[in-house]
file work.cif (mmCIF, C-alpha atoms)
data_query
loop_
_atom_site.label_atom_id
_atom_site.label_comp_id
_atom_site.auth_asym_id
_atom_site.auth_seq_id
_atom_site.Cartn_x
_atom_site.Cartn_y
_atom_site.Cartn_z
CA MET A 13 18.67 69.34 -37.87
CA GLN A 14 20.44 70.47 -40.96
CA ALA A 15 22.01 73.64 -39.66
CA GLN A 16 25.35 72.03 -38.96
CA GLY A 17 25.15 69.83 -42.06
CA SER A 18 28.10 71.26 -43.94
CA SER A 19 31.57 71.71 -42.47
CA GLN A 20 32.21 74.66 -44.76
CA GLN A 21 33.14 77.74 -42.72
CA TYR A 22 32.72 81.29 -44.00
CA LEU A 23 34.59 82.93 -41.13
CA SER A 24 37.91 82.16 -39.50
CA VAL A 25 39.63 83.20 -36.29
CA GLY A 26 43.30 84.14 -36.54
CA GLU A 27 46.15 83.49 -34.19
CA LEU A 28 45.37 84.49 -30.63
CA PRO A 29 47.98 86.13 -28.41
CA LYS A 30 48.75 84.63 -25.02
CA LEU A 31 47.35 86.68 -22.15
CA ALA A 32 49.37 87.33 -19.05
CA GLY A 33 48.55 89.00 -15.76
CA GLN A 34 48.63 88.94 -11.99
CA ARG A 35 45.73 88.40 -9.60
CA ASN A 36 43.05 91.08 -9.91
CA ALA A 37 44.62 92.46 -13.08
CA SER A 38 42.52 93.39 -16.09
CA VAL A 39 43.55 91.71 -19.31
CA GLN A 40 42.29 92.14 -22.82
CA ALA A 41 42.34 89.83 -25.82
CA LYS A 42 42.08 90.94 -29.43
CA ILE A 43 40.48 88.20 -31.44
CA PRO A 44 41.20 88.61 -35.14
CA VAL A 45 38.35 87.47 -37.37
CA THR A 46 38.17 87.22 -41.14
CA VAL A 47 35.02 86.71 -43.18
CA MET A 48 35.51 84.98 -46.51
CA GLY A 49 35.49 87.28 -49.52
CA GLY A 50 32.06 87.76 -51.08
CA PHE A 51 30.30 86.91 -47.84
CA HIS A 52 29.06 88.89 -44.89
CA VAL A 53 27.96 87.96 -41.39
CA ASN A 54 25.30 89.71 -39.38
CA SER A 55 26.67 92.06 -36.76
CA ASN A 56 26.08 91.48 -33.06
CA LYS A 57 23.04 93.73 -33.40
CA PRO A 58 21.35 92.85 -36.70
CA SER A 59 18.99 95.36 -38.21
CA GLU A 60 16.23 92.78 -38.61
CA GLU A 61 14.83 90.65 -35.82
CA TYR A 62 14.88 87.46 -37.88
CA LEU A 63 18.63 87.62 -38.49
CA ILE A 64 21.07 85.67 -36.34
CA PRO A 65 23.69 87.87 -34.65
CA LEU A 66 27.42 87.36 -34.33
CA LYS A 67 27.92 86.19 -30.77
CA LEU A 68 30.95 85.11 -28.77
CA THR A 69 30.14 82.98 -25.74
CA TRP A 70 32.65 81.69 -23.24
CA THR A 71 32.29 78.06 -22.24
CA ALA A 72 35.22 77.95 -19.79
CA THR A 73 37.28 80.86 -18.44
CA GLY A 74 39.52 79.10 -15.90
CA ALA A 75 41.25 81.60 -13.62
CA LEU A 76 39.86 84.56 -15.55
CA GLN A 77 36.56 86.29 -14.98
CA ALA A 78 34.81 87.19 -18.20
CA GLY A 79 34.03 90.84 -18.80
CA THR A 80 32.59 92.74 -21.70
CA ILE A 81 33.06 91.75 -25.30
CA VAL A 82 33.42 94.64 -27.72
CA TYR A 83 32.26 93.98 -31.23
CA PRO A 84 33.43 96.08 -34.16
CA LYS A 85 31.31 98.82 -35.63
CA PRO A 86 29.21 97.25 -38.37
CA THR A 87 28.61 98.64 -41.82
CA GLN A 88 25.21 99.17 -43.36
CA GLU A 89 25.06 97.30 -46.63
CA LYS A 90 22.20 97.05 -49.11
CA TYR A 91 21.52 93.65 -50.60
CA GLU A 92 19.08 92.59 -53.28
CA PHE A 93 17.24 90.36 -50.85
CA ALA A 94 16.54 93.03 -48.24
CA GLU A 95 14.49 96.19 -48.49
CA LYS A 96 16.68 98.11 -46.05
CA PRO A 97 20.45 98.11 -45.56
CA LEU A 98 21.61 95.41 -43.19
CA SER A 99 24.01 95.75 -40.28
CA VAL A 100 26.83 93.45 -41.30
CA LEU A 101 30.52 92.71 -40.95
CA THR A 102 32.81 91.85 -43.82
CA GLY A 103 36.53 91.34 -44.35
CA SER A 104 38.81 91.36 -41.31
CA PHE A 105 38.05 92.81 -37.91
CA ASP A 106 38.82 92.29 -34.23
CA LEU A 107 36.63 91.32 -31.34
CA VAL A 108 37.93 92.59 -28.04
CA ALA A 109 37.34 90.43 -24.99
CA ASN A 110 37.95 91.79 -21.52
CA PHE A 111 38.84 89.66 -18.51
CA LYS A 112 39.87 90.09 -14.93
CA VAL A 113 42.26 87.68 -13.26
CA ALA A 114 40.46 86.11 -10.31
CA PRO A 115 41.69 87.23 -6.88
CA ASP A 116 42.33 83.62 -5.91
CA ALA A 117 43.89 82.56 -9.20
CA GLN A 118 46.74 80.09 -9.00
CA ALA A 119 49.93 81.04 -10.80
CA GLY A 120 50.48 79.08 -13.96
CA PRO A 121 49.10 78.53 -17.45
CA GLY A 122 45.53 78.03 -18.54
CA ALA A 123 43.14 78.72 -21.37
CA VAL A 124 39.83 80.41 -21.98
CA SER A 125 37.50 78.60 -24.32
CA GLY A 126 34.51 79.87 -26.18
CA LYS A 127 32.40 79.64 -29.28
CA LEU A 128 31.85 82.28 -31.90
CA ARG A 129 28.48 81.84 -33.54
CA TYR A 130 27.71 83.50 -36.82
CA GLN A 131 25.44 83.30 -39.79
CA ALA A 132 26.79 84.13 -43.22
CA CYS A 133 25.21 85.12 -46.50
CA ASN A 134 26.43 86.22 -49.87
CA ASN A 135 24.37 88.50 -52.07
CA ARG A 136 21.97 85.75 -53.14
CA ALA A 137 21.95 82.98 -50.53
CA CYS A 138 22.32 82.41 -46.83
CA PHE A 139 24.03 79.61 -45.01
CA PRO A 140 23.13 77.89 -41.76
CA PRO A 141 24.46 79.29 -38.49
CA LYS A 142 27.91 77.96 -37.63
CA THR A 143 30.23 78.09 -34.67
CA VAL A 144 33.99 78.46 -34.52
CA ASN A 145 35.92 77.45 -31.42
CA VAL A 146 37.98 80.19 -29.77
CA THR A 147 40.75 79.25 -27.32
CA ILE A 148 42.90 81.92 -25.69
CA PRO A 149 45.90 80.75 -23.67
CA TYR A 150 46.92 82.68 -20.56
CA GLN A 151 49.62 82.76 -17.94
CA ILE A 152 48.98 83.87 -14.36
CA HIS A 153 52.04 85.31 -12.68
CA MET B 26 21.71 52.61 -54.87
CA THR B 27 24.34 53.87 -52.45
CA VAL B 28 26.74 54.65 -55.25
CA LEU B 29 24.04 56.52 -57.12
CA ARG B 30 23.12 58.46 -54.00
CA LEU B 31 26.75 59.34 -53.37
CA ALA B 32 27.13 60.41 -56.97
CA GLY B 33 24.07 62.58 -56.65
CA ALA B 34 25.30 64.18 -53.46
CA LEU B 35 28.74 64.73 -54.99
CA ALA B 36 27.32 66.28 -58.11
CA THR B 37 25.19 68.64 -56.09
CA ALA B 38 28.05 69.42 -53.74
CA LEU B 39 30.15 70.40 -56.74
CA LEU B 40 27.31 72.44 -58.10
CA VAL B 41 26.70 74.21 -54.79
CA GLY B 42 30.43 74.61 -54.28
CA CYS B 43 30.59 76.27 -57.64
CA PHE B 44 27.81 78.58 -56.54
CA ILE B 45 29.52 79.36 -53.23
CA SER B 46 32.94 79.97 -54.67
CA GLY B 47 31.54 81.94 -57.53
CA CYS B 48 33.23 79.85 -60.22
CA SER B 49 30.57 80.91 -62.65
CA GLY B 50 29.46 83.99 -60.71
CA PRO B 51 26.63 83.95 -58.19
CA GLN B 52 24.39 86.00 -60.42
CA ARG B 53 24.64 83.56 -63.24
CA ALA B 54 24.55 80.49 -61.04
CA ALA B 55 21.35 81.53 -59.36
CA ARG B 56 19.52 82.44 -62.54
CA THR B 57 18.69 79.14 -64.12
CA SER B 58 16.06 79.68 -66.73
CA SER B 59 15.51 76.43 -68.56
CA LEU B 60 14.24 73.08 -67.44
CA LYS B 61 16.24 69.96 -67.98
CA PRO B 62 15.07 67.90 -70.90
CA ASP B 63 12.88 64.93 -69.90
CA ASP B 64 15.55 62.34 -70.57
CA LYS B 65 18.07 64.12 -68.33
CA ARG B 66 15.83 64.27 -65.29
CA HIS B 67 16.23 62.01 -62.29
CA GLN B 68 13.72 60.84 -59.76
CA ALA B 69 13.26 63.13 -56.75
CA PRO B 70 13.98 61.24 -53.53
CA ASP B 71 10.90 60.53 -51.48
CA PHE B 72 10.78 61.76 -47.91
CA ALA B 73 8.56 61.64 -44.86
CA LEU B 74 8.38 64.95 -43.00
CA LYS B 75 5.91 66.37 -40.52
CA ASP B 76 3.76 69.39 -41.13
CA ALA B 77 2.63 71.89 -38.50
CA ASP B 78 -0.17 69.57 -37.39
CA GLY B 79 2.20 66.65 -36.91
CA LYS B 80 0.91 64.87 -39.98
CA VAL B 81 3.53 62.92 -41.92
CA VAL B 82 3.80 64.10 -45.50
CA HIS B 83 5.55 62.16 -48.25
CA LEU B 84 6.66 63.66 -51.52
CA SER B 85 5.04 60.64 -53.14
CA ASP B 86 1.67 61.86 -51.82
CA TYR B 87 1.83 64.36 -54.67
CA ARG B 88 2.41 61.94 -57.48
CA GLY B 89 0.94 63.39 -60.68
CA LYS B 90 1.35 66.98 -59.49
CA VAL B 91 4.00 69.52 -60.33
CA VAL B 92 5.82 70.20 -57.05
CA LEU B 93 7.80 73.30 -56.13
CA LEU B 94 9.93 72.12 -53.22
CA ASP B 95 11.51 75.04 -51.38
CA PHE B 96 14.18 74.55 -48.71
CA TRP B 97 14.26 77.70 -46.60
CA ALA B 98 14.76 79.08 -43.09
CA THR B 99 13.38 81.97 -41.05
CA TRP B 100 16.85 83.56 -40.78
CA CYS B 101 17.31 83.57 -44.55
CA GLY B 102 16.74 86.97 -46.17
CA PRO B 103 16.61 85.75 -49.78
CA CYS B 104 14.01 83.15 -48.74
CA LYS B 105 11.77 85.96 -47.56
CA ILE B 106 11.87 87.45 -51.04
CA GLU B 107 10.82 84.22 -52.73
CA ILE B 108 8.12 83.08 -50.31
CA PRO B 109 5.56 85.68 -51.46
CA TRP B 110 6.15 84.51 -55.04
CA PHE B 111 5.41 80.95 -53.99
CA ILE B 112 2.26 82.11 -52.22
CA ASP B 113 1.16 83.64 -55.53
CA PHE B 114 2.05 80.50 -57.48
CA GLN B 115 0.12 78.31 -55.07
CA ARG B 116 -2.95 80.52 -55.33
CA LYS B 117 -2.75 80.94 -59.08
CA ASP B 118 -1.74 77.46 -60.19
CA GLN B 119 -2.95 74.95 -57.63
CA GLN B 120 -6.07 74.22 -59.70
CA LYS B 121 -3.81 73.41 -62.64
CA GLY B 122 -1.87 70.87 -60.59
CA LEU B 123 0.86 72.80 -58.81
CA VAL B 124 1.74 72.03 -55.21
CA VAL B 125 4.16 74.21 -53.28
CA LEU B 126 5.92 72.55 -50.36
CA GLY B 127 8.16 74.53 -48.03
CA VAL B 128 10.77 72.65 -46.05
CA SER B 129 12.08 74.70 -43.15
CA MET B 130 15.63 74.00 -42.07
CA ASP B 131 15.36 75.96 -38.83
CA ASP B 132 17.09 74.37 -35.86
CA ASP B 133 14.52 75.83 -33.50
CA GLY B 134 11.64 74.05 -35.20
CA TRP B 135 7.99 75.00 -35.07
CA GLN B 136 8.59 77.44 -32.24
CA VAL B 137 10.06 79.86 -34.78
CA VAL B 138 8.53 78.49 -37.96
CA LYS B 139 4.85 78.72 -37.02
CA PRO B 140 4.88 82.44 -36.17
CA PHE B 141 6.91 83.18 -39.28
CA VAL B 142 4.54 81.24 -41.53
CA ALA B 143 1.58 83.01 -39.95
CA SER B 144 3.15 86.44 -40.37
CA MET B 145 3.94 85.76 -44.03
CA LYS B 146 0.41 84.38 -44.58
CA VAL B 147 1.84 81.27 -46.21
CA ASN B 148 -0.93 79.40 -48.02
CA TYR B 149 0.98 76.23 -48.79
CA ARG B 150 2.13 73.32 -46.74
CA VAL B 151 5.25 73.79 -44.67
CA LEU B 152 7.25 70.86 -43.34
CA LEU B 153 10.09 70.66 -40.89
CA GLY B 154 13.26 69.47 -42.60
CA THR B 155 15.79 66.99 -41.31
CA ASP B 156 19.45 66.32 -41.98
CA GLN B 157 18.47 63.12 -43.72
CA THR B 158 16.17 64.87 -46.15
CA ALA B 159 18.72 67.57 -46.86
CA GLN B 160 21.31 64.91 -47.60
CA LEU B 161 18.94 63.18 -49.99
CA TYR B 162 18.77 66.45 -51.89
CA GLY B 163 22.52 66.99 -51.96
CA GLY B 164 23.09 68.71 -48.61
CA VAL B 165 21.08 71.89 -49.25
CA ASP B 166 23.54 74.18 -47.49
CA ALA B 167 22.72 77.35 -49.40
CA LEU B 168 19.24 78.69 -48.78
CA PRO B 169 16.96 79.11 -50.51
CA THR B 170 17.33 76.00 -52.63
CA THR B 171 14.28 75.20 -54.69
CA PHE B 172 13.51 72.15 -56.77
CA LEU B 173 10.92 72.02 -59.52
CA ILE B 174 9.61 68.49 -59.78
CA ASP B 175 7.58 67.34 -62.76
CA ARG B 176 4.41 65.27 -62.75
CA GLN B 177 6.47 62.10 -63.04
CA GLY B 178 8.29 62.96 -59.82
CA LYS B 179 11.50 63.91 -61.56
CA ILE B 180 13.65 66.92 -60.79
CA ALA B 181 13.32 69.31 -63.68
CA ALA B 182 15.23 72.26 -62.24
CA VAL B 183 17.18 73.36 -59.19
CA HIS B 184 17.52 76.97 -58.15
CA VAL B 185 20.26 77.62 -55.58
CA GLY B 186 20.01 81.04 -53.99
CA LEU B 187 17.65 83.85 -54.83
CA ALA B 188 16.36 83.12 -58.29
CA ASP B 189 14.39 85.04 -60.85
CA ARG B 190 10.62 84.98 -60.46
CA LYS B 191 10.13 84.71 -64.19
CA ASP B 192 12.36 81.64 -64.30
CA PHE B 193 10.07 79.97 -61.82
CA GLU B 194 6.97 81.04 -63.71
CA ARG B 195 8.30 79.79 -67.03
CA GLY B 196 9.35 76.49 -65.51
CA ILE B 197 6.06 75.96 -63.70
CA ASP B 198 4.03 76.79 -66.80
CA GLU B 199 6.04 74.37 -68.88
CA LEU B 200 5.74 71.60 -66.31
CA LEU B 201 2.01 72.12 -65.83
CA GLN B 202 1.57 71.55 -69.54
CA GLY B 203 3.39 68.22 -69.27
CA SER B 204 1.51 64.92 -69.33
CA VAL B 205 0.44 63.13 -66.18
CA ASN B 206 1.93 59.72 -65.56
CA ALA B 207 0.41 58.54 -62.31
CA SER B 208 2.16 55.19 -62.47
CA THR B 209 5.60 56.73 -62.02
CA ARG B 210 7.10 56.01 -58.63
CA PHE B 211 9.10 58.25 -56.36
CA GLY B 212 12.01 57.05 -54.32
CA MET B 213 15.03 56.79 -56.57
CA PRO B 214 18.04 58.92 -55.71
CA ALA B 215 18.37 62.16 -57.61
CA LEU B 216 21.39 62.97 -59.74
CA PHE B 217 21.50 66.69 -60.07
CA ALA B 218 24.44 67.16 -62.39
CA GLY B 219 23.48 69.50 -65.14
CA THR B 220 20.12 70.39 -63.71
CA ARG B 221 20.95 74.02 -63.55
#

call {"tool": "encode", "arguments": {"input": "work.cif", "output": "structure tokens"}}
result
Amino acid sequence: MQAQGSSQQYLSVGELPKLAGQRNASVQAKIPVTVMGGFHVNSNKPSEEYLIPLKLTWTATGALQAGTIVYPKPTQEKYEFAEKPLSVLTGSFDLVANFKVAPDAQAGPGAVSGKLRYQACNNRACFPPKTVNVTIPYQIH
Amino acid sequence: MTVLRLAGALATALLVGCFISGCSGPQRAARTSSLKPDDKRHQAPDFALKDADGKVVHLSDYRGKVVLLDFWATWCGPCKIEIPWFIDFQRKDQQKGLVVLGVSMDDDGWQVVKPFVASMKVNYRVLLGTDQTAQLYGGVDALPTTFLIDRQGKIAAVHVGLADRKDFERGIDELLQGSVNASTRFGMPALFAGTR
């Protein structure tokens, strides 16, 4: 289908810090995200059922156990194409991902991989859902 | 043929890129009001897409009609604004020779499209789009993207993004008054440069 037709991205993920921890430790990653100027993405809880939410999904967590993901507080913005204000994210914000180091984790490096799915619009058009790869390196002590 | 198709895709990509980056301002870019003159129009590419009943529909099936071809998706807010307009146009102008065709670009297919179409009480034919078809029409990344096609099967206007209802009405009225040339064939690649 067409949804992945264009390689144009409207959102980018910034540099990710390396996580470090011992077995059973809780670790947290701040994932910096920037939405291109003039665009918005739906929040993780869009105000309309038909809208596609921002969603981070882990595909491989290695020696870490995935915990909660905290999304930023959205803003309510009114657009010409919607009767009610929409729950959206614009500009730069952080996602916070929580992990726990597995009790049987081997010491050494690794990486968590995931995909951030979003759907962007500007004030007059919308663009097909896209995904951005997210890879967070870690070191188990 | 390939070169022409590439040129068409490139021209539209530039045009859409201009819309996306706001080089002429989204407001202005989306508010095309005039149709291209006859001699600047290019043939709309033919396609074969399935409707909700699984029937294959070709654009060329509508030779001699004015076609409003709307690329849309269920997750597209601006599309939801325009669809009721198109329902009105279909009801008001179908006897005069207008055909509205909706091409859904939803990844999830009929599972999401059928309930949406039912809830919106869409009275025109809806087809499921493909990558191939989108590419024929320049990529169609921004939704809605709507083509007005004249009775000769040529693209008379392209609206990228939420357009102005009156622009559509003016364009449709003008095209419906155009002469019918049933011998014209569909199938040539479209060159969109300057269509907006």

call {"tool": "interface_residues", "arguments": {"input": "work.cif", "of": "chain A", "to": "chain B", "cutoff": "12 Å", "atoms": "only C-alpha atoms", "output": "MDAnalysis selection string"}}
result
chainID A and resid 13:22 48:51 53:54 58:65 90:98 130:142

call {"tool": "resolve_selection", "arguments": {"input": "work.cif", "expression": "the PyMOL selection byres ((chain B and resi 148) around 10)", "output": "PDB file with C-alpha atoms, keeping the file's coordinate frame"}}
result
ATOM      1  CA  PRO B 109       5.560  85.680 -51.460  1.00  0.00           C
ATOM      2  CA  PHE B 111       5.410  80.950 -53.990  1.00  0.00           C
ATOM      3  CA  ILE B 112       2.260  82.110 -52.220  1.00  0.00           C
ATOM      4  CA  ASP B 113       1.160  83.640 -55.530  1.00  0.00           C
ATOM      5  CA  PHE B 114       2.050  80.500 -57.480  1.00  0.00           C
ATOM      6  CA  GLN B 115       0.120  78.310 -55.070  1.00  0.00           C
ATOM      7  CA  ARG B 116      -2.950  80.520 -55.330  1.00  0.00           C
ATOM      8  CA  VAL B 125       4.160  74.210 -53.280  1.00  0.00           C
ATOM      9  CA  LEU B 126       5.920  72.550 -50.360  1.00  0.00           C
ATOM     10  CA  VAL B 142       4.540  81.240 -41.530  1.00  0.00           C
ATOM     11  CA  ALA B 143       1.580  83.010 -39.950  1.00  0.00           C
ATOM     12  CA  MET B 145       3.940  85.760 -44.030  1.00  0.00           C
ATOM     13  CA  LYS B 146       0.410  84.380 -44.580  1.00  0.00           C
ATOM     14  CA  VAL B 147       1.840  81.270 -46.210  1.00  0.00           C
ATOM     15  CA  TYR B 149       0.980  76.230 -48.790  1.00  0.00           C
ATOM     16  CA  ARG B 150       2.130  73.320 -46.740  1.00  0.00           C
ATOM     17  CA  VAL B 151       5.250  73.790 -44.670  1.00  0.00           C
TER      18      VAL B 151
END

call {"tool": "atom_distance", "arguments": {"input": "work.cif", "atom1": "atom CA of B:Tyr87", "atom2": "atom CA of B:Lys75"}}
result
14.9 Å

call {"tool": "atom_distance", "arguments": {"input": "work.cif", "atom1": "atom CA of B:Leu74", "atom2": "atom CA of B:Gln136"}}
result
16.5 Å

call {"tool": "resolve_selection", "arguments": {"input": "work.cif", "expression": "the PyMOL selection byres ((chain B and resi 196) around 12)", "output": "MDAnalysis selection string"}}
result
chainID B and resid 57:62 91:93 114 123 171:175 180:184 189:195 197:203

call {"tool": "closest_residue", "arguments": {"input": "work.cif", "among": "A:Ala72, A:Leu107, A:Val45, A:Val25", "to": "A:Ser125", "atoms": "only C-alpha atoms"}}
result
A:Ala72

call {"tool": "closest_residue", "arguments": {"input": "work.cif", "among": "A:Leu76, A:Leu66, A:Ala114, A:Val82", "to": "A:Leu31", "atoms": "only C-alpha atoms"}}
result
A:Leu76

call {"tool": "resolve_selection", "arguments": {"input": "work.cif", "expression": "the PyMOL selection byres ((chain A and resi 24) around 10)", "output": "PyMOL selection string"}}
result
chain A and resi 21-23+25-27+44-48+104+128+143-146

call {"tool": "residues_around", "arguments": {"input": "work.cif", "residues": "A:Arg35", "least_positions_apart": "4", "cutoff": "7 Å", "atoms": "only C-alpha atoms", "output": "list of chain:residue names"}}
result
A:Val113, A:Ala114, A:Pro115, A:Asp116, A:Ala117
